[in-house]
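Data from run_23.txt: compact mmCIF, C-alpha atoms and all ligand atoms
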# COMPACT_ATOMS: atom_id res chain seq x y z
CA MET G 121 -63.71 -73.11 -7.92
CA THR G 122 -61.11 -71.30 -9.96
CA ASP G 123 -59.93 -71.14 -13.54
CA ALA G 124 -57.18 -73.43 -14.78
CA ALA G 125 -55.06 -73.67 -11.65
CA ARG G 126 -53.53 -76.96 -12.68
CA PRO G 127 -49.77 -77.37 -12.66
CA ASP G 128 -50.06 -79.47 -15.84
CA GLN G 129 -51.43 -76.63 -17.93
CA PRO G 130 -49.01 -75.60 -20.65
CA TRP G 131 -48.92 -71.87 -20.00
CA THR G 132 -45.72 -69.93 -19.74
CA TYR G 133 -44.99 -67.98 -16.56
CA GLU G 134 -46.13 -64.71 -18.11
CA THR G 135 -49.52 -66.13 -19.07
CA ALA G 136 -50.07 -68.13 -15.90
CA ALA G 137 -49.31 -65.04 -13.81
CA VAL G 138 -52.31 -63.20 -15.20
CA GLN G 139 -54.67 -66.06 -16.14
CA SER G 140 -54.38 -68.65 -13.34
CA ALA G 141 -56.57 -69.08 -10.29
CA ILE G 142 -59.08 -66.30 -10.96
CA PRO G 143 -62.04 -67.13 -8.68
CA ARG G 144 -65.42 -67.73 -10.31
CA GLY G 145 -68.67 -66.83 -8.64
CA LEU G 146 -70.29 -63.71 -7.30
CA GLY G 147 -69.97 -60.88 -9.79
CA GLN G 148 -67.59 -62.82 -12.08
CA THR G 149 -64.88 -60.19 -11.68
CA ILE G 150 -61.85 -60.71 -13.89
CA GLY G 151 -59.42 -60.01 -11.05
CA PHE G 152 -59.36 -61.24 -7.45
CA PRO G 153 -62.32 -60.17 -5.28
CA ILE G 154 -61.37 -59.32 -1.67
CA HIS G 155 -63.33 -61.48 0.77
CA ALA G 156 -63.31 -59.38 3.93
CA ALA G 157 -64.50 -62.15 6.23
CA ALA G 158 -63.56 -63.62 9.58
CA ALA G 159 -65.95 -66.58 9.28
CA PHE G 160 -68.21 -68.32 6.79
CA GLN G 161 -71.73 -69.53 7.47
CA PHE G 162 -73.24 -73.01 7.18
CA ASP G 163 -76.74 -74.11 6.21
CA SER G 164 -76.93 -76.99 8.67
CA LEU G 165 -75.32 -78.79 11.58
CA GLN G 166 -74.29 -81.54 9.20
CA GLU G 167 -72.56 -79.12 6.87
CA ALA G 168 -70.67 -77.48 9.75
CA GLN G 169 -69.69 -80.83 11.23
CA SER G 170 -68.43 -82.14 7.93
CA GLU G 171 -66.36 -79.02 7.35
CA PHE G 172 -64.76 -79.30 10.79
CA GLN G 173 -63.91 -82.95 10.12
CA GLN G 174 -62.57 -82.48 6.60
CA ASN G 175 -61.15 -78.95 6.81
CA THR G 176 -61.23 -78.62 3.05
CA GLY G 177 -63.54 -75.67 2.63
CA LEU G 178 -64.21 -72.48 4.45
CA SER G 179 -65.14 -72.15 8.09
CA TYR G 180 -63.01 -69.58 9.86
CA ALA G 181 -60.68 -67.19 8.05
CA ARG G 182 -57.60 -67.93 10.17
CA LEU G 183 -57.63 -71.30 8.34
CA GLN G 184 -58.69 -70.24 4.85
CA ASN G 185 -60.13 -67.30 2.95
CA PRO G 186 -61.17 -67.39 -0.74
CA THR G 187 -58.91 -64.46 -1.71
CA VAL G 188 -55.91 -65.97 0.06
CA ARG G 189 -56.73 -69.38 -1.39
CA ALA G 190 -56.79 -68.00 -4.93
CA LEU G 191 -53.36 -66.43 -4.35
CA GLU G 192 -52.12 -69.78 -3.03
CA GLU G 193 -53.37 -71.55 -6.16
CA ARG G 194 -51.64 -69.00 -8.38
CA LEU G 195 -48.35 -69.41 -6.49
CA THR G 196 -48.64 -73.20 -6.77
CA VAL G 197 -48.93 -72.85 -10.55
CA LEU G 198 -46.07 -70.35 -10.81
CA GLU G 199 -43.71 -72.43 -8.65
CA GLY G 200 -44.73 -75.71 -10.30
CA GLY G 201 -45.72 -77.16 -6.92
CA VAL G 202 -48.52 -79.21 -5.46
CA ALA G 203 -49.82 -76.94 -2.70
CA THR G 204 -49.10 -73.57 -1.11
CA VAL G 205 -49.90 -71.93 2.21
CA ALA G 206 -49.68 -68.13 2.22
CA VAL G 207 -48.74 -66.46 5.50
CA ALA G 208 -48.26 -62.97 6.89
CA SER G 209 -44.55 -62.44 6.07
CA GLY G 210 -41.45 -64.11 4.72
CA GLN G 211 -40.31 -64.72 8.30
CA ALA G 212 -43.57 -66.55 8.99
CA ALA G 213 -42.99 -68.65 5.86
CA THR G 214 -39.49 -69.60 7.03
CA LEU G 215 -40.78 -70.62 10.46
CA THR G 216 -43.64 -72.61 8.93
CA ALA G 217 -41.31 -74.45 6.57
CA ILE G 218 -38.86 -75.35 9.35
CA LEU G 219 -41.47 -76.45 11.89
CA SER G 220 -43.22 -78.54 9.25
CA VAL G 221 -40.35 -81.06 9.31
CA CYS G 222 -38.47 -80.31 12.56
CA ARG G 223 -39.20 -80.60 16.26
CA ALA G 224 -37.20 -80.57 19.52
CA GLY G 225 -33.99 -82.57 19.05
CA ASP G 226 -33.84 -81.98 15.31
CA HIS G 227 -31.22 -80.17 13.26
CA VAL G 228 -31.10 -77.84 10.25
CA VAL G 229 -28.11 -77.19 7.99
CA ALA G 230 -28.04 -73.87 6.16
CA ALA G 231 -25.76 -72.04 3.78
CA SER G 232 -24.31 -69.12 5.75
CA SER G 233 -24.96 -66.47 3.07
CA LEU G 234 -28.51 -65.86 4.25
CA PHE G 235 -30.98 -63.04 4.68
CA GLY G 236 -30.34 -61.61 8.18
CA GLY G 237 -33.82 -62.47 9.45
CA THR G 238 -33.30 -66.11 8.52
CA THR G 239 -29.94 -66.20 10.29
CA GLY G 240 -31.64 -64.71 13.35
CA LEU G 241 -34.45 -67.24 13.30
CA LEU G 242 -32.04 -70.16 12.92
CA SER G 243 -29.63 -68.93 15.59
CA ASN G 244 -32.02 -67.38 18.14
CA ILE G 245 -35.45 -68.96 17.78
CA LEU G 246 -34.68 -72.60 16.98
CA PRO G 247 -32.73 -73.10 20.25
CA LEU G 248 -35.78 -71.82 22.19
CA MET G 249 -37.61 -74.85 20.82
CA GLY G 250 -34.85 -77.39 21.40
CA MET G 251 -33.63 -77.38 17.80
CA ALA G 252 -30.25 -76.45 16.42
CA ALA G 253 -28.92 -75.08 13.14
CA THR G 254 -25.44 -75.29 11.65
CA LEU G 255 -24.48 -72.54 9.21
CA VAL G 256 -21.72 -73.45 6.79
CA GLU G 257 -20.09 -72.17 3.62
CA ASN G 258 -22.45 -72.17 0.63
CA THR G 259 -21.12 -75.25 -1.17
CA PRO G 260 -22.73 -78.69 -1.54
CA GLU G 261 -19.56 -80.23 -0.04
CA ALA G 262 -19.65 -78.10 3.13
CA ILE G 263 -23.39 -78.58 3.49
CA GLY G 264 -23.09 -82.33 2.92
CA ALA G 265 -20.35 -82.59 5.55
CA ALA G 266 -22.49 -80.78 8.15
CA LEU G 267 -25.42 -83.22 7.90
CA GLN G 268 -26.16 -85.24 11.05
CA PRO G 269 -28.43 -88.23 11.63
CA ASN G 270 -31.04 -85.83 13.11
CA THR G 271 -30.82 -83.29 10.25
CA ARG G 272 -34.33 -82.92 8.81
CA LEU G 273 -33.85 -79.90 6.60
CA VAL G 274 -31.24 -78.24 4.41
CA TRP G 275 -31.84 -74.54 3.76
CA ALA G 276 -30.38 -72.28 1.07
CA GLU G 277 -31.37 -69.16 -0.85
CA MET G 278 -31.84 -69.45 -4.59
CA ILE G 279 -30.05 -66.14 -5.10
CA SER G 280 -28.61 -64.96 -1.79
CA ASN G 281 -28.83 -61.39 -0.60
CA PRO G 282 -26.57 -59.49 -0.87
CA ALA G 283 -23.75 -61.83 -2.02
CA GLY G 284 -25.66 -63.20 -5.02
CA ASP G 285 -24.68 -66.81 -4.28
CA VAL G 286 -26.76 -69.22 -6.38
CA ALA G 287 -27.92 -72.50 -4.84
CA ASP G 288 -26.69 -75.63 -6.60
CA ILE G 289 -30.12 -77.21 -6.11
CA ARG G 290 -29.47 -80.62 -7.64
CA ALA G 291 -26.26 -81.19 -5.68
CA LEU G 292 -27.89 -80.00 -2.44
CA ALA G 293 -30.99 -82.15 -2.98
CA GLU G 294 -28.86 -85.24 -3.60
CA ARG G 295 -26.95 -84.77 -0.36
CA ALA G 296 -30.02 -83.91 1.72
CA HIS G 297 -32.05 -86.83 0.37
CA ALA G 298 -29.23 -89.34 0.95
CA GLN G 299 -29.47 -88.40 4.64
CA GLY G 300 -33.28 -88.56 4.75
CA ALA G 301 -33.55 -84.75 4.99
CA LEU G 302 -35.55 -82.41 2.75
CA LEU G 303 -34.26 -79.42 0.81
CA ALA G 304 -35.94 -76.04 1.29
CA ILE G 305 -35.05 -73.14 -0.99
CA ASP G 306 -35.81 -69.51 -0.17
CA ASN G 307 -36.87 -68.32 -3.62
CA THR G 308 -37.49 -64.66 -2.73
CA CYS G 309 -34.80 -63.15 -4.96
CA ALA G 310 -35.76 -65.41 -7.89
CA GLY G 311 -39.18 -63.75 -7.85
CA ALA G 312 -41.92 -66.34 -7.16
CA GLY G 313 -40.65 -68.86 -9.69
CA PHE G 314 -39.92 -66.44 -12.51
CA LEU G 315 -36.11 -66.73 -12.62
CA CYS G 316 -36.08 -70.28 -11.26
CA ARG G 317 -38.47 -72.98 -10.07
CA PRO G 318 -36.42 -74.91 -7.49
CA LEU G 319 -39.04 -77.67 -7.26
CA ASP G 320 -38.29 -78.58 -10.91
CA HIS G 321 -34.66 -79.26 -9.95
CA GLY G 322 -35.23 -81.49 -6.92
CA ALA G 323 -36.01 -79.13 -4.03
CA ASP G 324 -38.87 -80.29 -1.77
CA ILE G 325 -40.04 -76.98 -0.32
CA VAL G 326 -39.97 -73.39 -1.58
CA ALA G 327 -40.35 -70.66 1.04
CA GLN G 328 -40.37 -67.01 0.15
CA SER G 329 -41.11 -63.46 1.11
CA LEU G 330 -43.92 -62.07 -1.04
CA THR G 331 -43.04 -58.61 0.31
CA LYS G 332 -40.33 -58.20 -2.31
CA TRP G 333 -40.88 -58.95 -6.05
CA ALA G 334 -44.34 -60.54 -5.69
CA GLY G 335 -45.85 -57.45 -4.05
CA GLY G 336 -43.44 -55.39 -6.08
CA HIS G 337 -44.41 -51.90 -4.94
CA GLY G 338 -43.20 -51.73 -1.34
CA SER G 339 -46.81 -51.67 -0.17
CA VAL G 340 -47.52 -55.04 1.47
CA LEU G 341 -46.00 -57.83 3.60
CA GLY G 342 -46.52 -61.52 2.90
CA GLY G 343 -44.87 -64.91 2.59
CA ALA G 344 -45.61 -68.38 1.28
CA VAL G 345 -44.52 -71.99 1.48
CA THR G 346 -45.02 -74.21 -1.58
CA VAL G 347 -44.38 -77.96 -1.59
CA GLY G 348 -43.52 -80.12 -4.55
CA GLY G 349 -44.49 -83.76 -5.00
CA GLY G 350 -42.39 -86.86 -4.56
CA HIS G 351 -40.65 -85.98 -1.29
CA ASP G 352 -39.79 -88.84 1.05
CA LEU G 353 -41.09 -88.37 4.60
CA THR G 354 -40.70 -92.00 5.68
CA ARG G 355 -37.45 -91.31 7.56
CA ASN G 356 -38.90 -88.46 9.63
CA PRO G 357 -40.67 -89.69 12.82
CA ILE G 358 -42.92 -86.59 12.86
CA PHE G 359 -44.72 -88.17 9.92
CA THR G 360 -44.43 -91.89 10.70
CA GLU G 361 -45.03 -92.19 14.45
CA GLY G 362 -48.32 -93.96 15.09
CA GLY G 363 -48.27 -96.26 12.07
CA GLU G 364 -51.60 -96.12 10.24
CA HIS G 365 -52.68 -93.22 12.48
CA SER G 366 -49.51 -91.24 11.71
CA ILE G 367 -49.67 -88.03 9.67
CA LEU G 368 -48.34 -89.97 6.68
CA GLY G 369 -50.80 -92.81 7.28
CA VAL G 370 -53.78 -90.46 7.44
CA ARG G 371 -52.79 -87.75 4.94
CA GLY G 372 -50.66 -89.71 2.45
CA ASP G 373 -49.14 -87.54 -0.29
CA ALA G 374 -50.75 -84.43 1.19
CA ALA G 375 -49.04 -84.89 4.61
CA LEU G 376 -46.46 -82.12 4.29
CA ALA G 377 -48.84 -79.58 2.72
CA TRP G 378 -51.42 -80.38 5.37
CA ARG G 379 -48.91 -79.86 8.18
CA GLN G 380 -47.74 -76.54 6.75
CA ARG G 381 -51.26 -75.12 6.61
CA TRP G 382 -52.04 -76.52 10.05
CA LEU G 383 -48.92 -74.89 11.53
CA GLY G 384 -48.61 -71.60 9.67
CA ALA G 385 -52.28 -70.64 9.52
CA HIS G 386 -54.44 -72.80 11.76
CA GLN G 387 -52.25 -73.23 14.88
CA LEU G 388 -49.79 -70.32 14.82
CA GLY G 389 -52.21 -67.83 13.28
CA MET G 390 -49.64 -66.22 10.98
CA THR G 391 -52.45 -65.83 8.47
CA LEU G 392 -52.23 -63.51 5.47
CA SER G 393 -54.98 -60.91 5.27
CA PRO G 394 -57.24 -60.99 2.17
CA HIS G 395 -56.37 -57.35 1.42
CA SER G 396 -52.69 -58.23 1.35
CA ALA G 397 -53.41 -61.34 -0.74
CA PHE G 398 -55.18 -59.14 -3.29
CA LEU G 399 -52.22 -56.74 -3.57
CA ILE G 400 -49.77 -59.63 -3.92
CA ALA G 401 -51.87 -61.46 -6.53
CA GLN G 402 -52.06 -58.24 -8.51
CA GLY G 403 -48.31 -57.71 -8.10
CA LEU G 404 -47.65 -61.19 -9.49
CA GLU G 405 -49.40 -60.20 -12.71
CA THR G 406 -46.59 -57.80 -13.64
CA LEU G 407 -43.69 -59.59 -11.94
CA ALA G 408 -42.33 -61.08 -15.18
CA LEU G 409 -42.32 -57.66 -16.85
CA ARG G 410 -40.72 -55.96 -13.87
CA LEU G 411 -38.09 -58.53 -13.02
CA SER G 412 -36.93 -59.12 -16.59
CA ARG G 413 -36.55 -55.37 -17.06
CA GLU G 414 -34.86 -54.98 -13.65
CA SER G 415 -32.47 -57.85 -14.40
CA GLU G 416 -31.50 -56.25 -17.71
CA THR G 417 -30.86 -52.91 -16.02
CA ALA G 418 -28.98 -54.61 -13.17
CA LEU G 419 -26.65 -56.35 -15.62
CA ALA G 420 -26.03 -53.10 -17.52
CA LEU G 421 -25.34 -51.25 -14.25
CA ALA G 422 -23.07 -54.04 -12.98
CA ARG G 423 -20.97 -53.85 -16.17
CA TRP G 424 -20.89 -50.05 -16.12
CA LEU G 425 -19.96 -49.90 -12.42
CA SER G 426 -17.23 -52.53 -12.93
CA ALA G 427 -15.54 -50.19 -15.39
CA HIS G 428 -16.07 -47.06 -13.27
CA PRO G 429 -12.82 -45.63 -11.85
CA GLN G 430 -14.39 -44.57 -8.53
CA VAL G 431 -16.13 -47.87 -7.84
CA GLY G 432 -14.49 -50.87 -6.21
CA ARG G 433 -15.55 -54.51 -6.44
CA VAL G 434 -18.94 -55.15 -8.07
CA SER G 435 -20.76 -58.37 -7.21
CA TYR G 436 -23.59 -59.64 -9.45
CA PRO G 437 -24.22 -63.25 -10.51
CA GLY G 438 -24.71 -62.08 -14.10
CA LEU G 439 -21.05 -61.00 -14.26
CA GLU G 440 -18.49 -63.57 -15.36
CA SER G 441 -16.33 -62.48 -12.41
CA HIS G 442 -18.94 -63.76 -9.91
CA PRO G 443 -17.94 -67.11 -8.33
CA HIS G 444 -21.44 -68.51 -8.95
CA HIS G 445 -21.83 -67.24 -12.51
CA HIS G 446 -21.85 -70.82 -13.85
CA LEU G 447 -24.66 -71.76 -11.44
CA ALA G 448 -26.62 -68.70 -12.53
CA GLN G 449 -26.24 -69.93 -16.13
CA THR G 450 -27.46 -73.39 -15.10
CA TYR G 451 -30.45 -72.49 -12.95
CA LEU G 452 -31.71 -69.02 -13.83
CA ARG G 453 -33.72 -68.07 -16.90
CA GLY G 454 -34.99 -64.67 -17.97
CA GLY G 455 -32.30 -62.76 -16.06
CA GLN G 456 -29.97 -63.00 -13.07
CA GLY G 457 -31.95 -60.92 -10.63
CA ALA G 458 -32.20 -57.30 -9.58
CA VAL G 459 -29.75 -57.18 -6.65
CA LEU G 460 -26.10 -56.18 -6.88
CA THR G 461 -23.47 -54.78 -4.56
CA PHE G 462 -20.59 -52.42 -5.19
CA GLU G 463 -17.95 -50.58 -3.18
CA VAL G 464 -17.75 -46.79 -3.02
CA PRO G 465 -15.02 -44.75 -1.28
CA ASP G 466 -17.38 -42.82 1.02
CA PRO G 467 -20.77 -44.54 1.49
CA ALA G 468 -22.27 -41.80 3.72
CA ALA G 469 -21.50 -39.04 1.22
CA PHE G 470 -22.61 -41.18 -1.72
CA LEU G 471 -25.98 -41.98 -0.15
CA SER G 472 -26.64 -38.41 0.95
CA ARG G 473 -26.18 -37.11 -2.63
CA LEU G 474 -28.61 -39.50 -4.32
CA ARG G 475 -31.76 -37.98 -5.82
CA VAL G 476 -33.36 -40.82 -7.80
CA LEU G 477 -32.14 -43.87 -5.89
CA ARG G 478 -33.80 -44.11 -2.47
CA ILE G 479 -32.27 -45.30 0.79
CA ALA G 480 -34.57 -48.04 2.07
CA PRO G 481 -34.11 -51.55 3.50
CA ASN G 482 -36.31 -53.37 1.01
CA LEU G 483 -35.94 -55.39 -2.18
CA GLY G 484 -38.07 -55.86 -5.27
CA ASP G 485 -39.68 -52.41 -5.26
CA VAL G 486 -40.43 -50.78 -8.64
CA ARG G 487 -38.14 -47.99 -7.39
CA THR G 488 -34.39 -48.52 -7.13
CA LEU G 489 -33.45 -48.85 -3.46
CA VAL G 490 -30.03 -48.76 -1.84
CA VAL G 491 -28.74 -49.51 1.65
CA HIS G 492 -25.45 -49.58 3.48
CA PRO G 493 -25.64 -53.16 4.80
CA TRP G 494 -22.69 -52.75 7.20
CA THR G 495 -24.63 -50.31 9.41
CA THR G 496 -28.20 -51.48 8.74
CA THR G 497 -29.33 -54.90 7.46
CA HIS G 498 -26.14 -56.62 8.66
CA GLY G 499 -25.37 -54.27 11.56
CA ARG G 500 -25.99 -56.92 14.23
CA VAL G 501 -24.16 -59.72 12.42
CA PRO G 502 -20.69 -60.44 13.88
CA GLU G 503 -17.99 -58.69 11.88
CA ALA G 504 -16.34 -61.84 10.51
CA ALA G 505 -19.71 -63.15 9.33
CA ARG G 506 -20.49 -59.79 7.72
CA LEU G 507 -17.26 -59.94 5.73
CA ALA G 508 -17.94 -63.58 4.85
CA ALA G 509 -21.37 -62.55 3.55
CA GLY G 510 -19.71 -60.11 1.14
CA VAL G 511 -20.49 -57.03 3.23
CA SER G 512 -17.65 -54.60 3.95
CA PRO G 513 -17.77 -51.06 5.45
CA THR G 514 -17.81 -49.62 1.90
CA THR G 515 -20.43 -51.94 0.37
CA ILE G 516 -23.63 -50.53 -1.12
CA ARG G 517 -26.49 -52.93 -1.87
CA MET G 518 -28.83 -51.97 -4.66
CA SER G 519 -32.21 -53.44 -5.62
CA VAL G 520 -32.78 -52.21 -9.14
CA GLY G 521 -36.22 -50.86 -10.05
CA VAL G 522 -37.91 -50.16 -13.36
CA GLU G 523 -36.57 -46.63 -13.94
CA ALA G 524 -34.64 -45.79 -17.12
CA LEU G 525 -31.02 -46.98 -17.05
CA GLY G 526 -29.72 -43.54 -18.07
CA ASP G 527 -31.43 -41.80 -15.15
CA LEU G 528 -29.96 -44.28 -12.67
CA GLN G 529 -26.48 -43.91 -14.15
CA ALA G 530 -26.70 -40.11 -14.08
CA ASP G 531 -27.75 -40.14 -10.42
CA ILE G 532 -24.98 -42.56 -9.41
CA GLU G 533 -22.45 -40.55 -11.41
CA GLN G 534 -23.32 -37.25 -9.75
CA ALA G 535 -23.41 -38.87 -6.29
CA LEU G 536 -19.96 -40.39 -6.83
CA GLY G 537 -18.57 -37.16 -8.29
CA ALA G 538 -20.00 -34.97 -5.58
CA ALA G 539 -18.80 -37.41 -2.92
CA ASP G 540 -15.34 -37.30 -4.43
CA SER G 541 -15.05 -33.49 -4.60
CA ARG G 542 -15.98 -32.87 -0.97
C1 LIG G 601 -37.15 -60.16 3.12
C2 LIG G 601 -36.71 -61.57 3.07
C3 LIG G 601 -37.24 -62.52 3.94
C4 LIG G 601 -38.22 -62.17 5.03
O1 LIG G 601 -39.39 -61.68 4.50
P1 LIG G 601 -40.36 -60.64 5.28
O2 LIG G 601 -41.52 -60.57 4.35
O3 LIG G 601 -39.61 -59.37 5.46
O4 LIG G 601 -40.69 -61.27 6.58
C5 LIG G 601 -36.80 -63.83 3.81
N1 LIG G 601 -35.90 -64.18 2.89
C6 LIG G 601 -35.35 -63.29 2.04
C7 LIG G 601 -34.33 -63.73 1.03
C8 LIG G 601 -35.74 -61.95 2.10
O5 LIG G 601 -35.17 -61.06 1.27

Could you rewrite the structure in this file as structure tokens?
Amino acid sequence: MTDAARPDQPWTYETAAVQSAIPRGLGQTIGFPIHAAAAFQFDSLQEAQSEFQQNTGLSYARLQNPTVRALEERLTVLEGGVATVAVASGQAATLTAILSVCRAGDHVVAASSLFGGTTGLLSNILPLMGMAATLVENTPEAIGAALQPNTRLVWAEMISNPAGDVADIRALAERAHAQGALLAIDNTCAGAGFLCRPLDHGADIVAQSLTKWAGGHGSVLGGAVTVGGGHDLTRNPIFTEGGEHSILGVRGDAALAWRQRWLGAHQLGMTLSPHSAFLIAQGLETLALRLSRESETALALARWLSAHPQVGRVSYPGLESHPHHHLAQTYLRGGQGAVLTFEVPDPAAFLSRLRVLRIAPNLGDVRTLVVHPWTTTHGRVPEAARLAAGVSPTTIRMSVGVEALGDLQADIEQALGAADSR
């Protein structure tokens, strides 16, 4: 039993992040106790049998753990969903979300401006299982045109990395639903529902990496899939085959959430550890503070860099020059995210001179991190696709942390100056 984990409670994000889903019981700790357990004991044969039939409580920790469950309840509140399964990484969340509605013979349509790991999974792993994905330009028209009769899922990122494309959720949901497909949004860069709750705008599934803003300190890996209510599964044979014995017949409204837990945790064993769940739940408590501050600093840096004589194109959805600025205005609240890209004349020299900004392939850390996507995160992506994703040989990607704006500017300034005078 936990405190006030109901989606109908009137709390704001900031309050829900620290007050929701705190487990009651042993010790009555205010935070999340870590249940270091592989299994849970029963008092009788009947109790064990009933648990194995119902699968609602605790038996074996690959399926559920109280610490992980409390994190799941908190994420459900923050995303405005109905149920969440937490898994070991963002990649595991993506796989869980896809397999929950797709099987051999099925098809996924995705916006091409995706996180590299997602592109890899769609292009390399789906074909191993007899599924296919089509990656198209990130517009509702292009995505709508790529839908096929066997398309079960449309996939887009709320704020894409590094291009900063913003998903037009309502337009995508309309097109997906008309075809009997569901819409899944990767909400990683919108920070666990803080900048946007895609389920409020018609998305059916939110998948995300908790490694980034949720964890927030570069110290833990995790991922989660949250489902909303009201999705239509009646046109997907995975859920309808078998009539009254079908998944839909047996599980009703809980069919999709049930299948996601069954796949991600129970069957595939991509379970999140309780220690990681604790770190992530604690990270969520300061996410609103961090990401609103980081968004403010990112906007200030984007404007400053745009006017800087040694810096080329700056891309940030908070800038009016960004092609998706209007979508950012429509869908994002509390900031436009912490990720921006900019062009410098000599990336190697620039990076080597930095003293405050750190070179690391992560996002959402409290420290400001930079990478050269051309040679690292996007190094294996074909050149044309790299350019299409907004990555050129001179692009720097930055995930803004919570440091003082002036210190970041001073470090960038000296790194640009020093690079220039070599
Ligand atoms: C990092 C990331 C992922 C993958 O998450 P991991 O926790 O690294 O497995 C998925 N989507 C986006 C947008 C990401 O940034």

Show me which residues line ligand LIG 601 (chain G), defined as having an atom within 6 Å of a ligand atom where only C-alpha atoms and all ligand atoms count, and present them as a count of residues only. 11

Within 6 Å of G:Ala159, counting only C-alpha atoms, which residues qualify if same-chain residues fewer than 5 places away don't, as a ChimeraX atom specification? /G:179-181

Counting only C-alpha atoms, the option among G:Ala293, G:Leu392, G:Met249, G:Val511 closest to G:Pro186: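 Once distances to G:Pro186 are computed over only C-alpha atoms, the minimum belongs to G:Leu392.
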
Compute the distance from (-32.8, -57.4, 9.4) to each atom, counting all atoms listed in the file, keep the residues with any atom at most 8 Å away, and return them as a tab-separated table (two decimals) with C-alpha atoms, keeping the file's coordinate frame; use the coordinates of the file.
chain	number	residue	atom	x	y	z
G	235	PHE	CA	-30.98	-63.04	4.68
G	236	GLY	CA	-30.34	-61.61	8.18
G	237	GLY	CA	-33.82	-62.47	9.45
G	496	THR	CA	-28.20	-51.48	8.74
G	497	THR	CA	-29.33	-54.90	7.46
G	498	HIS	CA	-26.14	-56.62	8.66

Tell me which of G:Arg506, G:Gly322, G:Glu414, G:Leu452 sits closest to G:Glu523, counting only C-alpha atoms.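 Closest candidate: G:Glu414.
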
Here's a test: counting all atoms listed in the file, identify every protein, DNA and RNA residue with an atom at most 9 Å from (-24.5, -53.2, -4.1) in the file's coordinate frame, and state them as JSON, numbers by chain. {"G": [282, 283, 434, 435, 436, 459, 460, 461, 462, 463, 490, 491, 492, 493, 515, 516, 517, 518, 519]}

G:Val464, G:Val202, G:Leu411, G:Ala469 ranked by distance to G:Val486, top pick (using only C-alpha atoms):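 Of the candidates, the smallest distance to G:Val486 is held by G:Leu411.
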
At what distance in Å, to one decimal, does atom CA of G:Gly348 lie from atom CA of G:Gly250? 27.5 Å
